file model-v1.cif (mmCIF, C-alpha atoms)
data_coords
#
loop_
_atom_site.label_atom_id
_atom_site.label_comp_id
_atom_site.auth_asym_id
_atom_site.auth_seq_id
_atom_site.Cartn_x
_atom_site.Cartn_y
_atom_site.Cartn_z
CA MET A 1 135.74 94.33 135.35
CA PRO A 2 138.80 96.37 136.30
CA ASN A 3 138.66 99.20 138.80
CA ARG A 4 138.73 102.74 137.48
CA LEU A 5 142.18 104.24 137.06
CA LYS A 6 141.62 106.93 139.71
CA ASP A 7 141.02 104.15 142.27
CA ALA A 8 144.42 102.58 141.62
CA PHE A 9 147.21 103.01 144.13
CA PHE A 10 149.39 105.89 142.97
CA ASP A 11 152.74 105.82 144.75
CA PRO A 12 154.18 109.36 144.69
CA THR A 13 157.45 108.23 146.27
CA SER A 14 158.33 105.74 143.53
CA HIS A 15 156.24 107.39 140.78
CA THR A 16 154.38 104.19 139.97
CA ILE A 17 150.75 103.26 139.47
CA HIS A 18 149.59 99.87 140.68
CA TRP A 19 146.95 99.16 138.02
CA VAL A 20 147.39 96.30 135.55
CA HIS A 21 144.58 94.63 133.61
CA THR A 22 144.12 92.26 130.71
CA ALA A 23 142.91 93.18 127.25
CA ALA A 24 139.78 91.11 127.93
CA GLU A 25 138.96 93.30 130.94
CA ILE A 26 139.35 96.43 128.81
CA VAL A 27 136.95 94.87 126.26
CA GLU A 28 134.46 94.30 129.06
CA ALA A 29 134.70 97.96 130.05
CA ALA A 30 134.27 99.07 126.42
CA GLU A 31 131.18 96.89 126.07
CA ALA A 32 129.77 98.31 129.30
CA THR A 33 130.21 101.78 127.81
CA MET A 34 128.42 100.64 124.63
CA THR A 35 125.52 99.44 126.77
CA ILE A 36 125.23 102.83 128.49
CA ILE A 37 125.27 104.67 125.18
CA ALA A 38 122.74 102.29 123.63
CA SER A 39 120.38 102.71 126.59
CA SER A 40 120.67 106.52 126.43
CA GLY A 41 118.84 106.64 123.11
CA THR A 42 121.40 109.05 121.58
CA GLY A 43 122.14 106.72 118.67
CA PRO A 44 124.92 104.31 117.69
CA ILE A 45 128.34 104.89 119.20
CA ALA A 46 129.99 105.44 115.82
CA THR A 47 127.95 108.60 115.29
CA THR A 48 127.47 109.89 118.85
CA VAL A 49 130.84 109.39 120.56
CA GLY A 50 131.78 113.02 119.78
CA HIS A 51 128.67 114.22 121.63
CA TRP A 52 129.71 112.17 124.67
CA LEU A 53 133.28 113.54 124.58
CA HIS A 54 131.98 117.12 124.70
CA LYS A 55 129.59 116.18 127.49
CA LEU A 56 132.47 114.75 129.55
CA GLU A 57 134.58 117.85 128.91
CA ALA A 58 131.72 120.04 130.14
CA ILE A 59 131.17 118.17 133.41
CA GLY A 60 134.88 118.13 134.32
CA GLY A 61 136.69 115.64 136.52
CA ALA A 62 133.67 113.58 137.58
CA GLY A 63 133.21 112.24 134.06
CA GLY A 64 134.28 108.68 134.82
CA ALA A 65 131.31 108.25 137.12
CA VAL A 66 129.06 108.49 134.06
CA PHE A 67 130.55 105.20 132.90
CA ALA A 68 130.77 103.37 136.22
CA TRP A 69 132.29 99.91 135.95
CA GLY A 70 129.92 97.05 136.49
CA VAL A 71 126.92 97.93 134.32
CA GLY A 72 125.43 95.38 131.93
CA ILE A 73 127.49 94.03 129.05
CA THR A 74 126.43 94.00 125.40
CA ALA A 75 128.62 90.97 124.60
CA MET A 76 128.23 91.84 120.93
CA ILE A 77 130.90 89.38 119.83
CA ALA A 78 129.00 86.41 121.29
CA GLU A 79 126.75 86.36 118.21
CA PHE A 80 129.70 85.21 116.08
CA ALA A 81 129.93 81.95 118.01
CA VAL A 82 126.72 80.92 116.25
CA ILE A 83 128.30 81.07 112.80
CA GLY A 84 131.55 79.40 113.82
CA MET A 85 134.32 79.43 116.38
CA GLY A 86 136.78 80.95 113.89
CA TYR A 87 134.62 84.06 113.53
CA TYR A 88 134.15 84.29 117.27
CA GLU A 89 137.89 84.12 117.88
CA ALA A 90 138.55 86.68 115.15
CA ALA A 91 135.95 89.05 116.63
CA GLU A 92 137.43 88.57 120.09
CA GLU A 93 140.95 89.37 118.88
CA ILE A 94 139.78 92.44 116.95
CA ALA A 95 137.80 93.68 119.97
CA GLU A 96 140.80 93.29 122.28
CA ARG A 97 143.22 95.12 119.99
CA ALA A 98 140.79 97.96 119.31
CA SER A 99 139.71 98.35 122.94
CA VAL A 100 143.26 98.46 124.28
CA ARG A 101 144.29 101.07 121.70
CA GLY A 102 141.22 103.22 122.22
CA TYR A 103 141.36 103.09 126.01
CA SER A 104 145.05 103.99 126.20
CA TYR A 105 144.63 106.95 123.81
CA GLY A 106 141.66 108.14 125.86
CA VAL A 107 143.50 107.88 129.20
CA VAL A 108 146.49 109.97 128.16
CA MET A 109 144.36 112.62 126.44
CA GLY A 110 141.98 112.77 129.40
CA ALA A 111 144.87 113.08 131.86
CA MET A 112 146.16 116.05 129.85
CA ARG A 113 142.65 117.58 129.90
CA GLU A 114 142.80 117.64 126.12
CA ARG A 115 139.95 119.44 124.37
CA ALA A 116 137.12 117.19 123.24
CA SER A 117 137.39 118.73 119.77
CA PHE A 118 140.96 117.36 119.50
CA VAL A 119 140.04 113.93 120.93
CA ASP A 120 137.29 113.85 118.31
CA SER A 121 140.01 113.55 115.66
CA PHE A 122 140.88 110.09 117.06
CA ILE A 123 137.32 108.77 116.69
CA MET A 124 137.05 105.96 114.16
CA LYS A 125 134.29 107.56 112.08
CA TYR A 126 134.19 104.94 109.33
CA THR A 127 134.06 101.18 109.56
CA PRO A 128 137.44 99.71 108.53
CA ARG A 129 137.28 97.32 105.60
CA ASN A 130 137.92 93.67 106.44
CA ASP A 131 137.61 91.40 103.40
CA PHE A 132 138.29 88.24 105.40
CA PHE A 133 135.67 89.03 108.06
CA PRO A 134 133.37 91.91 106.99
CA ALA A 135 131.66 92.22 110.37
CA GLY A 136 135.08 92.63 111.98
CA GLY A 137 135.26 96.25 110.85
CA LYS A 138 132.18 97.13 112.88
CA VAL A 139 133.56 95.26 115.90
CA GLU A 140 136.79 97.25 115.62
CA GLN A 141 135.05 100.60 115.16
CA ASP A 142 132.61 100.21 118.06
CA HIS A 143 135.13 98.81 120.52
CA PHE A 144 137.78 101.41 119.69
CA ASN A 145 135.34 104.32 120.03
CA ALA A 146 133.73 103.06 123.24
CA ALA A 147 137.15 102.42 124.82
CA LEU A 148 138.41 105.84 123.71
CA LEU A 149 135.45 107.44 125.45
CA ARG A 150 135.91 105.31 128.58
CA GLY A 151 139.64 106.09 128.77
CA TYR A 152 139.06 109.81 128.24
CA ALA A 153 136.52 109.86 131.08
CA GLU A 154 138.89 108.04 133.42
CA GLY A 155 141.91 110.16 132.49
CA ARG A 156 139.95 113.34 133.25
CA GLU A 157 139.08 111.97 136.70
CA LEU A 158 142.71 111.88 137.82
CA SER A 159 143.82 114.45 140.37
CA SER A 160 146.79 116.70 139.59
CA ASP A 161 148.99 114.54 141.85
CA GLN A 162 147.85 111.34 140.10
CA THR A 163 148.45 112.93 136.71
CA ARG A 164 151.97 113.92 137.75
CA VAL A 165 152.72 110.33 138.80
CA LEU A 166 151.30 109.04 135.50
CA TRP A 167 153.52 111.29 133.35
CA THR A 168 156.60 110.64 135.47
CA GLU A 169 156.01 106.92 135.08
CA LEU A 170 155.53 107.21 131.31
CA ALA A 171 158.72 109.29 130.98
CA ARG A 172 160.67 106.74 133.02
CA ALA A 173 159.45 104.02 130.64
CA GLY A 174 161.23 105.54 127.66
CA GLY A 175 162.53 109.04 128.29
CA ALA A 176 160.76 112.34 127.99
CA ILE A 177 158.18 112.56 125.22
CA ASP A 178 158.80 115.60 123.05
CA ILE A 179 156.00 118.16 123.17
CA PRO A 180 155.89 120.43 120.12
CA ASP A 181 155.91 124.20 120.72
CA ALA A 182 152.24 124.36 119.81
CA GLY A 183 151.40 121.78 122.50
CA PRO A 184 150.78 118.02 122.51
CA ASP A 185 149.94 116.66 119.07
CA ARG A 186 148.76 113.34 117.70
CA ASN A 187 152.26 111.81 117.74
CA PHE A 188 152.75 112.82 121.37
CA TYR A 189 149.58 110.98 122.40
CA ILE A 190 150.35 107.92 120.26
CA GLU A 191 153.75 107.61 121.97
CA ALA A 192 152.30 108.17 125.46
CA ALA A 193 149.47 105.68 124.86
CA GLY A 194 151.96 103.04 123.69
CA ARG A 195 153.91 103.41 126.91
CA PHE A 196 150.74 103.25 128.99
CA ARG A 197 149.76 100.00 127.25
CA SER A 198 153.16 98.43 127.80
CA LEU A 199 153.06 99.22 131.53
CA HIS A 200 149.42 98.58 132.41
CA ILE A 201 147.63 96.29 129.96
CA LEU A 202 148.53 92.62 129.51
#

call {"tool": "encode", "arguments": {"input": "model-v1.cif", "output": "structure tokens"}}
result
Amino acid sequence: MPNRLKDAFFDPTSHTIHWVHTAAEIVEAAEATMTIIASSGTGPIATTVGHWLHKLEAIGGAGGAVFAWGVGITAMIAEFAVIGMGYYEAAEEIAERASVRGYSYGVVMGAMRERASFVDSFIMKYTPRNDFFPAGGKVEQDHFNAALLRGYAEGRELSSDQTRVLWTELARAGGAIDIPDAGPDRNFYIEAAGRFRSLHIL
């Protein structure tokens, strides 16, 4: 599994972060987060991720330690191999896309110390419909939400110097991101997350 973002090498002289991982590694981290939530007895991730976001906000910058890399993996998509390789591959692709999106949104919102109540608006509260592969909606929902939570925890762990390097790097990747007068909004975070993905996730 990849190292936590705060443990990456942040180069303040060139405003770069040396942290690049594959989508499969982000899936592994999301599934590790699902395992922690499942073992906590608080309920399924789809309904309890908001509780965890508020918990992370309350404990401050040490939040990422709650979801330390390297815990057991749920490997929920492995069950689809039993019913056919096509379903397994579909589940794997859905999990990767959802995990990468969720993690990148979480990182940029965590780095900005965004309120948990705002991050809550990104939670995938309902299972997306997938007529071709009905179970795929649940795979997408759980992986997105777990990765969002993981990314938020890791973004909040960054020091002010690391956060400055992150935003300088994201601005260099496509120009300054407009911040509305009222503060960062959904579009701001979608743009920032897209840049983070393009720079750091293969």

call {"tool": "atom_distance", "arguments": {"input": "model-v1.cif", "atom1": "atom CA of Thr13 of chain A", "atom2": "atom CA of Val100 of chain A"}}
result
27.9 Å

call {"tool": "residues_around", "arguments": {"input": "model-v1.cif", "residues": "segment 155-170 of chain A", "least_positions_apart": "2", "cutoff": "10 Å", "atoms": "all atoms listed in the file", "output": "PDB file with C-alpha atoms, in the coordinates of the input"}}
result
ATOM      1  CA  ARG A   4     138.730 102.740 137.480  1.00  0.00           C
ATOM      2  CA  LEU A   5     142.180 104.240 137.060  1.00  0.00           C
ATOM      3  CA  LYS A   6     141.620 106.930 139.710  1.00  0.00           C
ATOM      4  CA  ASP A   7     141.020 104.150 142.270  1.00  0.00           C
ATOM      5  CA  ALA A   8     144.420 102.580 141.620  1.00  0.00           C
ATOM      6  CA  PHE A   9     147.210 103.010 144.130  1.00  0.00           C
ATOM      7  CA  PHE A  10     149.390 105.890 142.970  1.00  0.00           C
ATOM      8  CA  ASP A  11     152.740 105.820 144.750  1.00  0.00           C
ATOM      9  CA  PRO A  12     154.180 109.360 144.690  1.00  0.00           C
ATOM     10  CA  THR A  13     157.450 108.230 146.270  1.00  0.00           C
ATOM     11  CA  SER A  14     158.330 105.740 143.530  1.00  0.00           C
ATOM     12  CA  HIS A  15     156.240 107.390 140.780  1.00  0.00           C
ATOM     13  CA  THR A  16     154.380 104.190 139.970  1.00  0.00           C
ATOM     14  CA  ILE A  17     150.750 103.260 139.470  1.00  0.00           C
ATOM     15  CA  LEU A  56     132.470 114.750 129.550  1.00  0.00           C
ATOM     16  CA  GLU A  57     134.580 117.850 128.910  1.00  0.00           C
ATOM     17  CA  GLY A  60     134.880 118.130 134.320  1.00  0.00           C
ATOM     18  CA  GLY A  61     136.690 115.640 136.520  1.00  0.00           C
ATOM     19  CA  ALA A  62     133.670 113.580 137.580  1.00  0.00           C
ATOM     20  CA  GLY A  63     133.210 112.240 134.060  1.00  0.00           C
ATOM     21  CA  GLY A  64     134.280 108.680 134.820  1.00  0.00           C
ATOM     22  CA  ALA A  65     131.310 108.250 137.120  1.00  0.00           C
ATOM     23  CA  TYR A 103     141.360 103.090 126.010  1.00  0.00           C
ATOM     24  CA  SER A 104     145.050 103.990 126.200  1.00  0.00           C
ATOM     25  CA  TYR A 105     144.630 106.950 123.810  1.00  0.00           C
ATOM     26  CA  GLY A 106     141.660 108.140 125.860  1.00  0.00           C
ATOM     27  CA  VAL A 107     143.500 107.880 129.200  1.00  0.00           C
ATOM     28  CA  VAL A 108     146.490 109.970 128.160  1.00  0.00           C
ATOM     29  CA  MET A 109     144.360 112.620 126.440  1.00  0.00           C
ATOM     30  CA  GLY A 110     141.980 112.770 129.400  1.00  0.00           C
ATOM     31  CA  ALA A 111     144.870 113.080 131.860  1.00  0.00           C
ATOM     32  CA  MET A 112     146.160 116.050 129.850  1.00  0.00           C
ATOM     33  CA  ARG A 113     142.650 117.580 129.900  1.00  0.00           C
ATOM     34  CA  GLU A 114     142.800 117.640 126.120  1.00  0.00           C
ATOM     35  CA  LEU A 149     135.450 107.440 125.450  1.00  0.00           C
ATOM     36  CA  ARG A 150     135.910 105.310 128.580  1.00  0.00           C
ATOM     37  CA  GLY A 151     139.640 106.090 128.770  1.00  0.00           C
ATOM     38  CA  TYR A 152     139.060 109.810 128.240  1.00  0.00           C
ATOM     39  CA  ALA A 153     136.520 109.860 131.080  1.00  0.00           C
ATOM     40  CA  ARG A 172     160.670 106.740 133.020  1.00  0.00           C
ATOM     41  CA  ALA A 173     159.450 104.020 130.640  1.00  0.00           C
ATOM     42  CA  GLY A 174     161.230 105.540 127.660  1.00  0.00           C
ATOM     43  CA  GLY A 175     162.530 109.040 128.290  1.00  0.00           C
ATOM     44  CA  ALA A 176     160.760 112.340 127.990  1.00  0.00           C
ATOM     45  CA  ILE A 177     158.180 112.560 125.220  1.00  0.00           C
ATOM     46  CA  GLU A 191     153.750 107.610 121.970  1.00  0.00           C
ATOM     47  CA  ALA A 192     152.300 108.170 125.460  1.00  0.00           C
ATOM     48  CA  ALA A 193     149.470 105.680 124.860  1.00  0.00           C
ATOM     49  CA  GLY A 194     151.960 103.040 123.690  1.00  0.00           C
ATOM     50  CA  ARG A 195     153.910 103.410 126.910  1.00  0.00           C
ATOM     51  CA  PHE A 196     150.740 103.250 128.990  1.00  0.00           C
ATOM     52  CA  SER A 198     153.160  98.430 127.800  1.00  0.00           C
ATOM     53  CA  LEU A 199     153.060  99.220 131.530  1.00  0.00           C
TER      54      LEU A 199
END

call {"tool": "atom_distance", "arguments": {"input": "model-v1.cif", "atom1": "atom CA of Ala182 of chain A", "atom2": "atom CA of Phe122 of chain A"}}
result
18.4 Å

call {"tool": "closest_residue", "arguments": {"input": "model-v1.cif", "among": "A:Lys138, A:Arg115, A:Thr35, A:Phe133", "to": "Gly86 of chain A", "atoms": "only C-alpha atoms"}}
result
A:Phe133

call {"tool": "closest_residue", "arguments": {"input": "model-v1.cif", "among": "A:His143, A:Arg129, A:Arg101, A:His51", "to": "Ala32 of chain A", "atoms": "all atoms listed in the file"}}
result
A:His143

call {"tool": "closest_residue", "arguments": {"input": "model-v1.cif", "among": "A:Thr33, A:Ala95, A:Asp131, A:Asn3", "to": "Val20 of chain A", "atoms": "only C-alpha atoms"}}
result
A:Asn3

call {"tool": "closest_residue", "arguments": {"input": "model-v1.cif", "among": "A:Pro44, A:His54, A:Ala30, A:Gly102", "to": "Arg197 of chain A", "atoms": "only C-alpha atoms"}}
result
A:Gly102

call {"tool": "atom_distance", "arguments": {"input": "model-v1.cif", "atom1": "atom CA of Ala38 of chain A", "atom2": "atom CA of Asn145 of chain A"}}
result
13.3 Å

call {"tool": "residues_around", "arguments": {"input": "model-v1.cif", "residues": "Thr127 of chain A", "least_positions_apart": "2", "cutoff": "8 Å", "atoms": "all atoms listed in the file", "output": "PyMOL selection string"}}
result
chain A and resi 124-125+129+137-138+140-141
